[in-house]
Every structure is written in structure tokens, then in C-alpha cells.
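Next comes coords.cif, a file with mmCIF, C-alpha atoms.
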```cif
data_my_file
loop_
_atom_site.group_PDB
_atom_site.id
_atom_site.type_symbol
_atom_site.label_atom_id
_atom_site.label_comp_id
_atom_site.auth_asym_id
_atom_site.auth_seq_id
_atom_site.Cartn_x
_atom_site.Cartn_y
_atom_site.Cartn_z
ATOM 1 C CA MET A 1 157.664 91.409 100.468
ATOM 2 C CA ALA A 2 156.184 87.962 101.155
ATOM 3 C CA SER A 3 157.526 85.195 98.942
ATOM 4 C CA ASN A 4 154.419 83.009 99.129
ATOM 5 C CA VAL A 5 150.788 83.652 98.312
ATOM 6 C CA ASN A 6 148.187 81.679 100.258
ATOM 7 C CA VAL A 7 144.786 81.407 98.589
ATOM 8 C CA ILE A 8 141.782 80.029 100.481
ATOM 9 C CA ASN A 9 138.969 79.069 98.144
ATOM 10 C CA ASN A 10 135.590 78.704 99.845
ATOM 11 C CA ALA A 11 133.647 78.872 96.598
ATOM 12 C CA GLY A 12 134.058 75.255 95.467
ATOM 13 C CA ASN A 13 135.583 73.860 92.293
ATOM 14 C CA SER A 14 133.451 75.499 89.616
ATOM 15 C CA VAL A 15 135.091 78.911 89.747
ATOM 16 C CA GLU A 16 137.003 81.352 87.557
ATOM 17 C CA VAL A 17 140.411 82.396 88.866
ATOM 18 C CA LYS A 18 142.211 85.527 87.637
ATOM 19 C CA VAL A 19 145.756 86.460 88.684
ATOM 20 C CA ASN A 20 146.941 90.030 88.097
ATOM 21 C CA LYS A 21 149.929 92.058 89.184
ATOM 22 C CA VAL A 22 148.854 95.318 90.820
ATOM 23 C CA GLY A 23 151.907 97.449 91.552
ATOM 24 C CA ASP A 24 154.206 95.340 93.709
ATOM 25 C CA ALA A 25 151.397 93.027 94.781
ATOM 26 C CA ILE A 26 149.675 90.025 93.270
ATOM 27 C CA GLN A 27 145.888 90.162 93.112
ATOM 28 C CA ILE A 28 143.940 86.909 92.873
ATOM 29 C CA THR A 29 140.224 87.106 92.074
ATOM 30 C CA ILE A 30 137.958 84.061 92.428
ATOM 31 C CA ASP A 31 134.540 84.393 90.807
ATOM 32 C CA VAL A 32 131.591 82.132 90.168
ATOM 33 C CA PRO A 33 131.050 81.717 86.399
ATOM 34 C CA GLN A 34 128.438 84.157 85.135
ATOM 35 C CA ASN A 35 126.467 81.454 83.343
ATOM 36 C CA GLY A 36 125.346 79.986 86.669
ATOM 37 C CA THR A 37 121.990 80.533 88.398
ATOM 38 C CA GLU A 38 121.738 81.688 91.996
ATOM 39 C CA LEU A 39 120.260 78.889 94.099
ATOM 40 C CA SER A 40 117.779 81.296 95.715
ATOM 41 C CA LEU A 41 115.977 81.651 92.365
ATOM 42 C CA LEU A 42 115.051 77.975 92.146
ATOM 43 C CA LYS A 43 111.779 76.566 93.439
ATOM 44 C CA PRO A 44 110.933 73.250 95.123
ATOM 45 C CA GLY A 45 111.251 70.427 92.611
ATOM 46 C CA ASP A 46 113.839 72.191 90.446
ATOM 47 C CA VAL A 47 116.841 70.041 89.541
ATOM 48 C CA PHE A 48 120.298 71.606 89.450
ATOM 49 C CA GLU A 49 123.743 70.219 88.750
ATOM 50 C CA LYS A 50 127.055 70.601 90.503
ATOM 51 C CA ASN A 51 130.167 68.681 89.412
ATOM 52 C CA ASN A 52 128.066 66.366 87.223
ATOM 53 C CA VAL A 53 125.752 65.333 90.084
ATOM 54 C CA GLU A 54 122.067 66.292 90.135
ATOM 55 C CA TYR A 55 120.316 67.656 93.213
ATOM 56 C CA ILE A 56 116.699 68.665 93.870
ATOM 57 C CA VAL A 57 115.518 71.761 95.707
ATOM 58 C CA CYS A 58 113.237 70.820 98.611
ATOM 59 C CA GLU A 59 112.511 74.187 100.207
ATOM 60 C CA GLN A 60 113.674 77.809 100.292
ATOM 61 C CA PHE A 61 114.003 79.322 103.790
ATOM 62 C CA GLU A 62 113.713 82.983 104.760
ATOM 63 C CA ALA A 63 117.092 82.740 106.475
ATOM 64 C CA GLY A 64 118.778 82.683 103.063
ATOM 65 C CA THR A 65 119.289 78.931 102.955
ATOM 66 C CA THR A 66 117.966 76.123 100.762
ATOM 67 C CA ALA A 67 117.209 72.505 101.647
ATOM 68 C CA VAL A 68 118.329 70.088 98.942
ATOM 69 C CA VAL A 69 118.540 66.340 98.404
ATOM 70 C CA ARG A 70 120.598 64.300 95.986
ATOM 71 C CA LYS A 71 118.434 63.163 93.070
ATOM 72 C CA ASP A 72 119.740 59.595 93.125
ATOM 73 C CA CYS A 73 121.080 57.364 95.856
ATOM 74 C CA LEU A 74 124.801 57.263 96.471
ATOM 75 C CA ASP A 75 126.659 54.487 94.699
ATOM 76 C CA LYS A 76 127.330 52.857 98.054
ATOM 77 C CA VAL A 77 125.448 50.500 100.374
ATOM 78 C CA MET A 78 126.118 49.451 103.948
ATOM 79 C CA GLU A 79 124.407 48.635 107.225
ATOM 80 C CA PHE A 80 122.545 51.395 109.034
ATOM 81 C CA GLY A 81 124.406 50.547 112.241
ATOM 82 C CA ASN A 82 124.332 48.430 115.387
ATOM 83 C CA ASN A 83 120.976 49.940 116.356
ATOM 84 C CA ASN A 84 118.414 52.351 114.896
ATOM 85 C CA ASN A 85 119.766 55.505 116.566
ATOM 86 C CA TRP A 86 120.804 57.804 113.702
ATOM 87 C CA LYS A 87 123.321 59.576 115.953
ATOM 88 C CA GLU A 88 125.235 56.292 116.368
ATOM 89 C CA SER A 89 124.782 55.042 112.802
ATOM 90 C CA LYS A 90 127.473 54.143 110.292
ATOM 91 C CA TRP A 91 125.749 56.274 107.666
ATOM 92 C CA ARG A 92 125.847 59.406 109.817
ATOM 93 C CA GLU A 93 129.549 58.872 110.459
ATOM 94 C CA TYR A 94 130.242 58.447 106.751
ATOM 95 C CA LEU A 95 128.087 61.358 105.529
ATOM 96 C CA ASN A 96 129.512 63.816 108.062
ATOM 97 C CA GLY A 97 133.058 62.566 107.549
ATOM 98 C CA GLU A 98 134.354 61.271 104.224
ATOM 99 C CA TYR A 99 131.338 62.404 102.186
ATOM 100 C CA LEU A 100 131.268 65.873 103.765
ATOM 101 C CA LYS A 101 134.874 66.423 102.707
ATOM 102 C CA GLU A 102 133.796 65.853 99.096
ATOM 103 C CA MET A 103 130.841 68.216 99.492
ATOM 104 C CA LYS A 104 133.066 70.971 100.871
ATOM 105 C CA THR A 105 135.182 70.907 97.707
ATOM 106 C CA VAL A 106 132.025 71.033 95.558
ATOM 107 C CA PHE A 107 129.967 73.681 97.373
ATOM 108 C CA GLY A 108 132.532 75.461 99.564
ATOM 109 C CA VAL A 109 133.155 74.872 103.246
ATOM 110 C CA GLU A 110 131.188 77.949 104.367
ATOM 111 C CA ASN A 111 128.145 77.172 102.227
ATOM 112 C CA ILE A 112 127.000 73.967 103.948
ATOM 113 C CA VAL A 113 124.815 74.859 106.932
ATOM 114 C CA GLU A 114 124.097 72.684 109.971
ATOM 115 C CA HIS A 115 120.520 71.450 110.339
ATOM 116 C CA GLU A 116 118.569 69.504 112.948
ATOM 117 C CA VAL A 117 117.177 66.004 112.508
ATOM 118 C CA ASN A 118 114.264 65.070 114.766
ATOM 119 C CA LEU A 119 114.712 61.419 115.766
ATOM 120 C CA THR A 120 111.295 60.777 117.305
ATOM 121 C CA SER A 121 110.369 57.181 116.539
ATOM 122 C CA LEU A 122 107.395 56.101 114.451
ATOM 123 C CA ASP A 123 105.594 55.066 117.639
ATOM 124 C CA GLY A 124 106.269 58.375 119.353
ATOM 125 C CA TYR A 125 109.285 57.817 121.618
ATOM 126 C CA ASP A 126 111.912 60.569 121.869
ATOM 127 C CA ASP A 127 114.810 58.642 123.457
ATOM 128 C CA TYR A 128 117.218 59.767 120.719
ATOM 129 C CA GLY A 129 116.340 63.458 120.783
ATOM 130 C CA VAL A 130 117.697 65.609 117.951
ATOM 131 C CA SER A 131 120.822 65.231 115.835
ATOM 132 C CA VAL A 132 122.691 68.250 114.437
ATOM 133 C CA ASP A 133 124.380 67.443 111.119
ATOM 134 C CA LYS A 134 125.930 68.984 108.035
ATOM 135 C CA VAL A 135 124.686 66.032 105.942
ATOM 136 C CA SER A 136 121.892 63.635 106.893
ATOM 137 C CA VAL A 137 119.095 61.598 105.375
ATOM 138 C CA MET A 138 115.465 62.655 105.628
ATOM 139 C CA ASN A 139 113.361 61.596 108.568
ATOM 140 C CA ILE A 140 109.819 60.477 107.847
ATOM 141 C CA ASP A 141 108.390 63.975 108.411
ATOM 142 C CA ARG A 142 110.687 65.550 105.828
ATOM 143 C CA TYR A 143 110.097 62.713 103.394
ATOM 144 C CA ARG A 144 106.336 63.171 103.684
ATOM 145 C CA LYS A 145 106.700 66.938 103.242
ATOM 146 C CA TYR A 146 109.060 66.847 100.257
ATOM 147 C CA HIS A 147 108.151 63.625 98.459
ATOM 148 C CA LYS A 148 105.946 65.367 95.883
ATOM 149 C CA HIS A 149 108.939 67.523 94.908
ATOM 150 C CA ILE A 150 111.761 64.955 94.981
ATOM 151 C CA GLY A 151 110.071 61.902 93.463
ATOM 152 C CA ASP A 152 111.345 58.322 93.733
ATOM 153 C CA THR A 153 114.519 56.434 92.961
ATOM 154 C CA SER A 154 114.996 52.901 91.641
ATOM 155 C CA GLU A 155 116.706 51.831 94.874
ATOM 156 C CA TYR A 156 115.676 51.262 98.461
ATOM 157 C CA HIS A 157 117.163 53.812 100.830
ATOM 158 C CA TYR A 158 117.212 54.560 104.533
ATOM 159 C CA LEU A 159 115.392 57.299 106.411
ATOM 160 C CA SER A 160 116.625 58.427 109.842
ATOM 161 C CA THR A 161 113.384 57.664 111.716
ATOM 162 C CA PRO A 162 113.512 54.624 114.007
ATOM 163 C CA ASP A 163 110.530 52.285 114.211
ATOM 164 C CA SER A 164 110.750 52.346 117.989
ATOM 165 C CA THR A 165 113.362 52.821 120.752
ATOM 166 C CA PRO A 166 114.459 50.989 123.905
ATOM 167 C CA SER A 167 111.599 52.748 125.716
ATOM 168 C CA GLY A 168 109.189 51.170 123.256
ATOM 169 C CA THR A 169 109.535 47.828 121.488
ATOM 170 C CA GLY A 170 113.283 47.918 120.790
ATOM 171 C CA SER A 171 116.023 49.400 118.628
ATOM 172 C CA SER A 172 116.354 46.972 115.710
ATOM 173 C CA GLY A 173 114.123 48.513 113.040
ATOM 174 C CA VAL A 174 114.468 51.691 110.986
ATOM 175 C CA ARG A 175 112.239 53.292 108.358
ATOM 176 C CA CYS A 176 113.237 53.051 104.683
ATOM 177 C CA VAL A 177 111.805 54.017 101.296
ATOM 178 C CA TYR A 178 111.104 51.360 98.671
ATOM 179 C CA SER A 179 111.650 51.910 94.957
ATOM 180 C CA SER A 180 107.885 52.473 94.617
ATOM 181 C CA GLY A 181 108.091 55.440 96.991
ATOM 182 C CA ASP A 182 106.284 53.600 99.774
ATOM 183 C CA VAL A 183 107.733 53.755 103.282
ATOM 184 C CA GLY A 184 108.481 50.482 105.079
ATOM 185 C CA TRP A 185 111.095 49.219 107.472
ATOM 186 C CA ARG A 186 114.290 47.181 107.568
ATOM 187 C CA GLU A 187 116.560 45.703 110.198
ATOM 188 C CA CYS A 188 119.600 47.853 110.973
ATOM 189 C CA ASP A 189 121.994 45.231 109.613
ATOM 190 C CA TRP A 190 120.485 45.441 106.110
ATOM 191 C CA ASP A 191 122.824 46.770 103.408
ATOM 192 C CA GLY A 192 120.963 49.806 102.127
ATOM 193 C CA GLY A 193 121.652 53.112 100.409
ATOM 194 C CA VAL A 194 120.885 56.763 101.126
ATOM 195 C CA ARG A 195 119.907 60.026 99.425
ATOM 196 C CA PRO A 196 122.015 62.703 101.156
ATOM 197 C CA PHE A 197 120.041 65.673 102.473
ATOM 198 C CA PHE A 198 121.650 68.989 103.412
ATOM 199 C CA VAL A 199 121.129 72.744 103.626
ATOM 200 C CA LEU A 200 123.076 75.270 101.521
ATOM 201 C CA LYS A 201 123.420 79.021 101.513
ATOM 202 C CA SER A 202 121.068 80.273 98.821
ATOM 203 C CA SER A 203 123.561 82.798 97.436
ATOM 204 C CA ILE A 204 125.720 80.182 95.691
ATOM 205 C CA PHE A 205 125.544 79.679 91.926
ATOM 206 C CA VAL A 206 124.619 76.350 90.349
ATOM 207 C CA SER A 207 124.037 74.945 86.889
ATOM 208 C CA PHE A 208 120.298 74.947 86.186
ATOM 209 C CA ASP A 209 118.530 73.727 83.067
ATOM 210 C CA LYS A 210 114.787 74.330 83.307
ATOM 211 C CA SER A 211 114.067 71.398 80.995
ATOM 212 C CA ARG A 212 115.425 68.933 83.605
ATOM 213 C CA SER A 213 112.879 69.966 86.254
#
```
Same coordinates, now as C-alpha cells:
Amino acid sequence: MASNVNVINNAGNSVEVKVNKVGDAIQITIDVPQNGTELSLLKPGDVFEKNNVEYIVCEQFEAGTTAVVRKDCLDKVMEFGNNNNWKESKWREYLNGEYLKEMKTVFGVENIVEHEVNLTSLDGYDDYGVSVDKVSVMNIDRYRKYHKHIGDTSEYHYLSTPDSTPSGTGSSGVRCVYSSGDVGWRECDWDGGVRPFFVLKSSIFVSFDKSRS
């Protein structure tokens, strides 16, 4: 009989764990609390909570996944990067590294789904192609599509869309959102914030209070 029991929890932190002895074996059951709401039941604009952080539903996909964005900016600011290529940016490195580790403990490692980020510049150049990320920030197309659902924040924050590229007028400017909701631009060395954007499996359970939406 094995002396150790190895439990792999892919359901996140907000779970109920039951340990029972069944014959000569130990049975460990990990369940999502029954007072949660399945993410698939929420509609664009609904606000849900996970580990005391609020997120907004952007879109429900037929593939059984849900696009979401953090309601507020992260409590962190830094430069976008040495240029306006999202794939080489400091924010992409942070969001898909240190921040992603936090998200895996909150939502479960298997519940965060890769998504594509189109990096076509505002003036139409496609030098940077497409980025594939677990966590990103919206490009200008997604921001335009989802803005009516996600609203504004009190802080400026970066988008992933470059103003131009080396094939155009250069790589120094990147699109950002002002506190008014308007879209403008900043130099890449500006200390700005972000609203993390990611895609989750719709079958997970979250804390939803209809009055917050």
C-alpha cells in the first residue's frame, strides 16, 4: 500500500475538499461549492468575483469558453517595452509569467485557454503578426467590440495595438485607453497599467451577484 497520497487540484482555490476512508484506500473528493454560478450562464457585461477580484464577461463562445477582462487595472505600472511589439513587451512577459501563475491558482491550470491577439497596427501594417497568449490586453478591435460591456476605469491603460511598425512610421507608439474611455497613444517608455484579458472554460463556477452587473 502506498504511503503517500498525491492530490492534483486543477479546480482553483475556492473548492470543497472531502477525505474519506473507503476500505483500505483513501478517497479525496474536490468539488466546487454549490453556491457558485456556472460561468456559461452569465451574459456580456455581467460582473463576477473570484478570490475577491471582480471580472467582467465580454463574450460567450460556442466552443464552451468565455472571454473575460479584469474590471479594474492591476495595481502595477511599468513601461510597455523597448518598442511597440506586444510579443516583445514587458507586460506580455509579466502577464504570461508571474501573473499567470497567480491566475492558475485562482481558476485552475486547465481552465485558462490560449487565445490569439492580432497585432496589426493602427495604420494597417502587419509586421508583428499574431501573438498566442494565456493572458493579454485587448487590442483596439476587441476594445471597440467590448467597450459597451466592460465600461471604463479611472486609470490609463495599455492596449496591444501599435500605432505603426518599422514598415510604416516607426515602433515607438502604442495605443492606450484614457480614463474617459477614449483611445489615444503613448510612447512605449511610459509607465502605464493594464486590464488583463483572458479566456476561460465556461464550465467553471464563479461567485455572481446580479446586483453588481
For Tyr143 (chain A), which residue among A:Ser40, A:Thr65, A:Thr161, A:Asn84 is the nearest when counting all atoms listed in the file? A:Thr161
Name the closest residue to Gly168 (chain A) among the candidates A:Thr120, A:Asn82, A:Gln27, A:Ser136; distances are taken between atoms, counting all atoms listed in the file.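 Ranking A:Thr120, A:Asn82, A:Gln27, A:Ser136 by distance to Gly168 (chain A), first place goes to A:Thr120.
Here, the PyMOL selection byres ((chain A and resi 206) around 6) matches Gly36, Thr37, Phe205 and Ser207 of chain A.
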Env of Val132 (chain A): 8 Å cut, atoms = only C-alpha atoms, seq-sep filter 4 positions within chain, self excluded. Answer as a list in words. Glu114, His115, Glu116 and Val117 of chain A
Evaluate the PyMOL selection byres ((chain A and resi 180) around 9) here and jot the selected residues down as a list in words.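 Going through the file, the PyMOL selection byres ((chain A and resi 180) around 9) ends up selecting Asp152, Thr153, Ser154, Glu155, Tyr156, Val177, Tyr178, Ser179, Gly181, Asp182 and Val183 of chain A.
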Would you mind telling me which residue in A:Lys148, A:Lys90, A:Lys50, A:Lys71 lies nearest to Trp190 (chain A) when using all atoms listed in the file? A:Lys90
So which residues are close to (124.8, 57.3, 98.4), meaning at most 8 Å away in the file's coordinates with only C-alpha atoms counted, and can you show them as a ChimeraX atom specification? /A:72-77,193-196
With distances taken over all atoms listed in the file, which residue among A:Val106, A:Lys210, A:Ala25, A:Asn83 lies nearest Asn52 (chain A)? A:Val106
Do you have the CA of Arg186 (chain A)-CA of Ser164 (chain A) distance handy?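 The value is 12.2 Å.
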Taking the file as shown, find all residues satisfying the PyMOL selection byres ((chain A and resi 202) around 6) and write them as a ChimeraX atom specification. /A:39-40,64-66,201,203-204
Take the residues from that selection and put them in a file with C-alpha atoms, as a CSV table (one decimal), in the frame of the given file.
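Saved result, part_16.csv, follows:
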```csv
chain,number,residue,atom,x,y,z
A,39,LEU,CA,120.3,78.9,94.1
A,40,SER,CA,117.8,81.3,95.7
A,64,GLY,CA,118.8,82.7,103.1
A,65,THR,CA,119.3,78.9,103.0
A,66,THR,CA,118.0,76.1,100.8
A,201,LYS,CA,123.4,79.0,101.5
A,203,SER,CA,123.6,82.8,97.4
A,204,ILE,CA,125.7,80.2,95.7
```
Between CA of Glu49 (chain A) and CA of Phe208 (chain A), what is the distance in Å, rounded to a tenth?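 Result for CA of Glu49 (chain A) versus CA of Phe208 (chain A): 6.4 Å, one decimal.
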When distances are computed from only C-alpha atoms, which of A:Arg142, A:Arg92, A:Lys104, A:His149 shows the smallest separation from Tyr55 (chain A)?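 Of A:Arg142, A:Arg92, A:Lys104, A:His149, the one nearest Tyr55 (chain A), counting only C-alpha atoms, is A:His149.
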So, with all atoms listed in the file as the atoms that count, which of A:Leu122, A:Met78, A:Leu100, A:Ile140 lies closest to Gly170 (chain A)? A:Leu122
Could you tell me how far CA of Val53 (chain A) lies from CA of Trp91 (chain A), in Å and to one decimal?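 So the two atoms, CA of Val53 (chain A) and CA of Trp91 (chain A), lie 19.8 Å apart.
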Which residues come within 8 Å of Ile150 (chain A), counting all atoms listed in the file, excluding same-chain residues fewer than 4 positions away, as a PyMOL selection string? chain A and resi 45+56-58+69+71+146
Kindly add N, CA, C and O atoms to the incomplete region 91-104 of chain A and provide the output as a PDB file, in the coordinates of the input.
```pdb
ATOM      1  N   TRP A  91     126.016  55.320 108.740  1.00  0.00           N
ATOM      2  CA  TRP A  91     125.749  56.274 107.666  1.00  0.00           C
ATOM      3  C   TRP A  91     125.978  57.703 108.113  1.00  0.00           C
ATOM      4  O   TRP A  91     126.509  58.514 107.369  1.00  0.00           O
ATOM      5  N   ARG A  92     125.602  58.037 109.341  1.00  0.00           N
ATOM      6  CA  ARG A  92     125.847  59.406 109.817  1.00  0.00           C
ATOM      7  C   ARG A  92     127.346  59.676 109.891  1.00  0.00           C
ATOM      8  O   ARG A  92     127.818  60.756 109.511  1.00  0.00           O
ATOM      9  N   GLU A  93     128.096  58.711 110.373  1.00  0.00           N
ATOM     10  CA  GLU A  93     129.549  58.872 110.459  1.00  0.00           C
ATOM     11  C   GLU A  93     130.160  59.087 109.082  1.00  0.00           C
ATOM     12  O   GLU A  93     131.021  59.958 108.899  1.00  0.00           O
ATOM     13  N   TYR A  94     129.702  58.317 108.103  1.00  0.00           N
ATOM     14  CA  TYR A  94     130.242  58.447 106.751  1.00  0.00           C
ATOM     15  C   TYR A  94     129.846  59.777 106.108  1.00  0.00           C
ATOM     16  O   TYR A  94     130.692  60.489 105.547  1.00  0.00           O
ATOM     17  N   LEU A  95     128.569  60.151 106.201  1.00  0.00           N
ATOM     18  CA  LEU A  95     128.087  61.358 105.529  1.00  0.00           C
ATOM     19  C   LEU A  95     128.698  62.624 106.116  1.00  0.00           C
ATOM     20  O   LEU A  95     128.939  63.596 105.392  1.00  0.00           O
ATOM     21  N   ASN A  96     128.935  62.638 107.423  1.00  0.00           N
ATOM     22  CA  ASN A  96     129.512  63.816 108.062  1.00  0.00           C
ATOM     23  C   ASN A  96     131.027  63.740 108.193  1.00  0.00           C
ATOM     24  O   ASN A  96     131.645  64.587 108.839  1.00  0.00           O
ATOM     25  N   GLY A  97     131.607  62.726 107.566  1.00  0.00           N
ATOM     26  CA  GLY A  97     133.058  62.566 107.549  1.00  0.00           C
ATOM     27  C   GLY A  97     133.589  62.575 106.132  1.00  0.00           C
ATOM     28  O   GLY A  97     133.787  63.636 105.527  1.00  0.00           O
ATOM     29  N   GLU A  98     133.775  61.401 105.562  1.00  0.00           N
ATOM     30  CA  GLU A  98     134.354  61.271 104.224  1.00  0.00           C
ATOM     31  C   GLU A  98     133.515  61.980 103.164  1.00  0.00           C
ATOM     32  O   GLU A  98     134.040  62.708 102.313  1.00  0.00           O
ATOM     33  N   TYR A  99     132.188  61.787 103.202  1.00  0.00           N
ATOM     34  CA  TYR A  99     131.338  62.404 102.186  1.00  0.00           C
ATOM     35  C   TYR A  99     131.310  63.923 102.329  1.00  0.00           C
ATOM     36  O   TYR A  99     131.321  64.651 101.329  1.00  0.00           O
ATOM     37  N   LEU A 100     131.285  64.430 103.544  1.00  0.00           N
ATOM     38  CA  LEU A 100     131.268  65.873 103.765  1.00  0.00           C
ATOM     39  C   LEU A 100     132.518  66.536 103.196  1.00  0.00           C
ATOM     40  O   LEU A 100     132.450  67.657 102.669  1.00  0.00           O
ATOM     41  N   LYS A 101     133.648  65.868 103.292  1.00  0.00           N
ATOM     42  CA  LYS A 101     134.874  66.423 102.707  1.00  0.00           C
ATOM     43  C   LYS A 101     134.699  66.645 101.213  1.00  0.00           C
ATOM     44  O   LYS A 101     135.142  67.661 100.663  1.00  0.00           O
ATOM     45  N   GLU A 102     134.053  65.698 100.533  1.00  0.00           N
ATOM     46  CA  GLU A 102     133.796  65.853  99.096  1.00  0.00           C
ATOM     47  C   GLU A 102     132.856  67.027  98.842  1.00  0.00           C
ATOM     48  O   GLU A 102     133.064  67.817  97.914  1.00  0.00           O
ATOM     49  N   MET A 103     131.818  67.145  99.667  1.00  0.00           N
ATOM     50  CA  MET A 103     130.841  68.216  99.492  1.00  0.00           C
ATOM     51  C   MET A 103     131.455  69.593  99.721  1.00  0.00           C
ATOM     52  O   MET A 103     131.066  70.574  99.071  1.00  0.00           O
ATOM     53  N   LYS A 104     132.410  69.690 100.615  1.00  0.00           N
ATOM     54  CA  LYS A 104     133.066  70.971 100.871  1.00  0.00           C
ATOM     55  C   LYS A 104     133.847  71.445  99.643  1.00  0.00           C
ATOM     56  O   LYS A 104     133.905  72.640  99.364  1.00  0.00           O
TER      57      LYS A 104
END
```
